Amino acid sequence: MTSDDSNKSKLTPITVITGFLGAGKTTFVNYILKEQNEWKICVLENEFGEVSIDDGLVAESLDAPEDLITMDNGCVCCSVRGDLVRTLGQLTKRRHEFDAILLETTGLADPAPIVYTVQTNSKMSENYYIDSIVCLADAKHITQHLDEVKPDGAVNEAYQQVAFADKILLNKIDLVTQEEKDTLRARLAKINKFASVIETEKSRAPLDKILGLNSFNMESILGVDPDFFESQEGDSKHNLEMVQSVGIQFEGELHAQWFNMFMMDLLRERAADIYRSKGLLTFHGQGNTKFVFQGVHEQINFGPAKEPWKDNEPRINKFVFIGKGLNRQELTKGLMECLNKEEGQK
């Protein structure tokens, strides 16, 4: 993990911005490009809201090179016409000029294809890493978007954008009352307990609270408030939100093979419904090694944590799932069946 961190310091961070039309993304981008002077940022505007993950298209693409517009403050703006891999590939020679890359997505509720591309395409992972997923939300209208009913019980895009986020920029807070804001923040926390909420007016966001913090990382589970797990254990009320955060914790050593089989089965059946997942694990036979994972749908990153379990530290496994229609009791039962037992007991 330490070598992974040192590698990341040499890579260029990508922050993915999602949000509805009217939430203030254009104002936010203009603020970055024209007003602030502390950060040199390359803003990529994805016109189509779709991401190509076909590596073959990189070589075959016949499009003209994208136009890079350089601003007075050193920031750069570029439109992505189709293939993200190709555009990022063209930027590799210049990427050291930038503190960060901001990928502004239009109409893209699910950033999983972007995450998958950057993590699995060797040309991308050798130059870039996902720093965070940020949702820009309009405090005045986000409730209306969340309440929108889609046909056949489908999850609307507002839920997905909130669920996937590491950070939520709650914009236009000057247009709502304190009571409306408190109610909204409580609702956002029900959907995604782990995204930090940053309040803004006119999209003037403090960039040092958004960029370069490596929010999208395997160890983010370690920062989850312990009260969340305890409140879930004592909460018998049914969460009426279609998308919600579920936290599970219990002590004991997991059997690696049983846990792997459980996760494989779960993701095979429910990957589309599980937007984000995180975990802190201890395995039988692995000594003091503490393991962590995080995932977007079925794309899971797993490995040892930087710090091992301390000698007197309780070996408490922690799991977080954010998704649609999750049954906490079923998930808890399935995970606890992965605990290592004496031979012959299973």
# chains A, B, ... in the order shown; residues from 1 in each chain; ligands from 1
call {"tool": "residues_around", "arguments": {"residues": "Ile101 (chain A)", "least_positions_apart": "3", "cutoff": "6 Å", "atoms": "only C-alpha atoms", "output": "ChimeraX atom specification"}}
result
/A:14,41-43
call {"tool": "closest_atom_pairs", "arguments": {"of": "region 209-283 of chain A", "to": "region 94-100 of chain A", "cutoff": "12 Å", "atoms": "only C-alpha atoms", "output": "CSV"}}
result
residue,atom,partner,partner_atom,distance
A:Ile210,CA,A:Ala100,CA,10.7
A:Leu211,CA,A:Ala100,CA,7.2
A:Gly212,CA,A:Ala100,CA,7.2
A:Leu213,CA,A:Ala100,CA,10.9
A:Asn214,CA,A:Ala100,CA,11.4
call {"tool": "residues_around", "arguments": {"residues": "Phe250 (chain A)", "least_positions_apart": "4", "cutoff": "12 Å", "atoms": "only C-alpha atoms", "output": "MDAnalysis selection string"}}
result
chainID A and resid 229:230 233 254 279:282 314:319 332:333 335:339
call {"tool": "residues_around", "arguments": {"residues": "Lys25 (chain A)", "least_positions_apart": "5", "cutoff": "9 Å", "atoms": "only C-alpha atoms", "output": "number ranges by chain"}}
result
A: 17-20, 30, 104, 136, 203
call {"tool": "write_last_selection", "arguments": {"atoms": "all heavy atoms", "output": "PDB file, in the first residue's frame"}}
result
ATOM      1  N   ILE A  17     -17.073  15.004 -12.008  1.00  0.00           N
ATOM      2  CA  ILE A  17     -18.177  15.848 -11.528  1.00  0.00           C
ATOM      3  C   ILE A  17     -19.474  15.395 -12.188  1.00  0.00           C
ATOM      4  O   ILE A  17     -19.567  15.339 -13.418  1.00  0.00           O
ATOM      5  CB  ILE A  17     -17.936  17.326 -11.883  1.00  0.00           C
ATOM      6  CG1 ILE A  17     -16.666  17.841 -11.225  1.00  0.00           C
ATOM      7  CG2 ILE A  17     -19.137  18.171 -11.481  1.00  0.00           C
ATOM      8  CD1 ILE A  17     -16.799  18.229  -9.800  1.00  0.00           C
ATOM      9  N   THR A  18     -20.465  15.031 -11.369  1.00  0.00           N
ATOM     10  CA  THR A  18     -21.791  14.709 -11.892  1.00  0.00           C
ATOM     11  C   THR A  18     -22.776  15.754 -11.381  1.00  0.00           C
ATOM     12  O   THR A  18     -22.470  16.529 -10.490  1.00  0.00           O
ATOM     13  CB  THR A  18     -22.261  13.312 -11.449  1.00  0.00           C
ATOM     14  OG1 THR A  18     -22.483  13.329 -10.027  1.00  0.00           O
ATOM     15  CG2 THR A  18     -21.228  12.244 -11.777  1.00  0.00           C
ATOM     16  N   GLY A  19     -23.969  15.757 -11.944  1.00  0.00           N
ATOM     17  CA  GLY A  19     -24.974  16.712 -11.489  1.00  0.00           C
ATOM     18  C   GLY A  19     -25.948  17.052 -12.591  1.00  0.00           C
ATOM     19  O   GLY A  19     -25.623  16.951 -13.775  1.00  0.00           O
ATOM     20  N   PHE A  20     -27.136  17.462 -12.197  1.00  0.00           N
ATOM     21  CA  PHE A  20     -28.183  17.765 -13.158  1.00  0.00           C
ATOM     22  C   PHE A  20     -27.937  19.090 -13.862  1.00  0.00           C
ATOM     23  O   PHE A  20     -27.256  19.977 -13.342  1.00  0.00           O
ATOM     24  CB  PHE A  20     -29.529  17.842 -12.434  1.00  0.00           C
ATOM     25  CG  PHE A  20     -30.245  16.527 -12.404  1.00  0.00           C
ATOM     26  CD1 PHE A  20     -29.948  15.590 -11.444  1.00  0.00           C
ATOM     27  CD2 PHE A  20     -31.190  16.221 -13.364  1.00  0.00           C
ATOM     28  CE1 PHE A  20     -30.591  14.377 -11.407  1.00  0.00           C
ATOM     29  CE2 PHE A  20     -31.840  15.015 -13.346  1.00  0.00           C
ATOM     30  CZ  PHE A  20     -31.543  14.078 -12.369  1.00  0.00           C
ATOM     31  N   ASN A  30     -16.729  27.615 -14.980  1.00  0.00           N
ATOM     32  CA  ASN A  30     -16.281  28.974 -15.294  1.00  0.00           C
ATOM     33  C   ASN A  30     -15.491  29.584 -14.140  1.00  0.00           C
ATOM     34  O   ASN A  30     -14.516  30.309 -14.350  1.00  0.00           O
ATOM     35  CB  ASN A  30     -17.487  29.869 -15.627  1.00  0.00           C
ATOM     36  CG  ASN A  30     -18.021  29.583 -17.017  1.00  0.00           C
ATOM     37  OD1 ASN A  30     -17.304  29.073 -17.866  1.00  0.00           O
ATOM     38  ND2 ASN A  30     -19.285  29.905 -17.242  1.00  0.00           N
ATOM     39  N   GLU A 104     -16.017  16.791 -16.365  1.00  0.00           N
ATOM     40  CA  GLU A 104     -17.401  17.230 -16.189  1.00  0.00           C
ATOM     41  C   GLU A 104     -18.287  16.373 -17.084  1.00  0.00           C
ATOM     42  O   GLU A 104     -18.078  16.293 -18.292  1.00  0.00           O
ATOM     43  CB  GLU A 104     -17.518  18.711 -16.554  1.00  0.00           C
ATOM     44  CG  GLU A 104     -18.848  19.335 -16.242  1.00  0.00           C
ATOM     45  CD  GLU A 104     -19.825  19.270 -17.408  1.00  0.00           C
ATOM     46  OE1 GLU A 104     -19.388  19.135 -18.564  1.00  0.00           O
ATOM     47  OE2 GLU A 104     -21.027  19.337 -17.149  1.00  0.00           O
ATOM     48  N   LEU A 136     -22.645  17.612  -7.843  1.00  0.00           N
ATOM     49  CA  LEU A 136     -23.077  18.990  -7.653  1.00  0.00           C
ATOM     50  C   LEU A 136     -24.604  18.994  -7.598  1.00  0.00           C
ATOM     51  O   LEU A 136     -25.262  18.585  -8.559  1.00  0.00           O
ATOM     52  CB  LEU A 136     -22.566  19.859  -8.804  1.00  0.00           C
ATOM     53  CG  LEU A 136     -22.692  21.370  -8.666  1.00  0.00           C
ATOM     54  CD1 LEU A 136     -21.952  21.857  -7.430  1.00  0.00           C
ATOM     55  CD2 LEU A 136     -22.130  22.063  -9.897  1.00  0.00           C
ATOM     56  N   SER A 203     -21.811  28.344  -6.871  1.00  0.00           N
ATOM     57  CA  SER A 203     -20.787  27.360  -7.288  1.00  0.00           C
ATOM     58  C   SER A 203     -19.369  27.748  -6.887  1.00  0.00           C
ATOM     59  O   SER A 203     -18.406  27.216  -7.438  1.00  0.00           O
ATOM     60  CB  SER A 203     -20.843  27.124  -8.805  1.00  0.00           C
ATOM     61  OG  SER A 203     -22.109  26.669  -9.200  1.00  0.00           O
TER      62      SER A 203
END
call {"tool": "closest_atom_pairs", "arguments": {"of": "region 246-294 of chain A", "to": "region 150-170 of chain A", "cutoff": "10 Å", "atoms": "only C-alpha atoms", "output": "JSON lines"}}
result
{"residue": "A:Asp273", "atom": "CA", "partner": "A:Val155", "partner_atom": "CA", "distance": 9.3}
{"residue": "A:Ile274", "atom": "CA", "partner": "A:Ala163", "partner_atom": "CA", "distance": 9.6}
{"residue": "A:Tyr275", "atom": "CA", "partner": "A:Phe164", "partner_atom": "CA", "distance": 6.2}
{"residue": "A:Arg276", "atom": "CA", "partner": "A:Phe164", "partner_atom": "CA", "distance": 6.3}
{"residue": "A:Ser277", "atom": "CA", "partner": "A:Phe164", "partner_atom": "CA", "distance": 9.9}
call {"tool": "select_by_dssp", "arguments": {"residues": "region 89-256 of chain A", "states": "strand (DSSP E or B)", "output": "ChimeraX atom specification"}}
result
/A:100-105,128-138,167-171,196-199,243-251,254
call {"tool": "closest_residue", "arguments": {"among": "A:Glu251, A:Asp227, A:Glu330, A:Asp72", "to": "Leu33 (chain A)", "atoms": "only C-alpha atoms"}}
result
A:Asp72
call {"tool": "residues_around", "arguments": {"residues": "Thr289 (chain A)", "least_positions_apart": "5", "cutoff": "9 Å", "atoms": "only C-alpha atoms", "output": "list in words"}}
result
Thr282, Phe283, Pro304, Ala305, Glu307, Pro308 and Trp309 of chain A
call {"tool": "atom_distance", "arguments": {"atom1": "CA of Ile221 (chain A)", "atom2": "CA of Lys181 (chain A)"}}
result
26.8 Å
call {"tool": "atom_distance", "arguments": {"atom1": "CA of Ser245 (chain A)", "atom2": "CA of Lys278 (chain A)"}}
result
11.0 Å
call {"tool": "residues_around", "arguments": {"residues": "Thr27 (chain A)", "least_positions_apart": "3", "cutoff": "9 Å", "atoms": "only C-alpha atoms", "output": "list in words"}}
result
Ala23, Gly24, Asn30, Tyr31, Ile32, Lys202, Ser203 and Arg204 of chain A
call {"tool": "write_last_selection", "arguments": {"atoms": "C-alpha atoms", "output": "mmCIF file, in the first residue's frame"}}
result
data_model
loop_
_atom_site.group_PDB
_atom_site.id
_atom_site.type_symbol
_atom_site.label_atom_id
_atom_site.label_comp_id
_atom_site.auth_asym_id
_atom_site.auth_seq_id
_atom_site.Cartn_x
_atom_site.Cartn_y
_atom_site.Cartn_z
ATOM 1 C CA ALA A 23 -27.245 22.495 -10.637
ATOM 2 C CA GLY A 24 -24.490 24.991 -11.404
ATOM 3 C CA ASN A 30 -16.281 28.974 -15.294
ATOM 4 C CA TYR A 31 -15.176 29.750 -11.734
ATOM 5 C CA ILE A 32 -12.287 27.281 -12.112
ATOM 6 C CA LYS A 202 -23.051 30.443 -6.877
ATOM 7 C CA SER A 203 -20.787 27.360 -7.288
ATOM 8 C CA ARG A 204 -17.873 29.032 -5.458
#
call {"tool": "atom_distance", "arguments": {"atom1": "CA of Met218 (chain A)", "atom2": "CA of Lys306 (chain A)"}}
result
10.3 Å
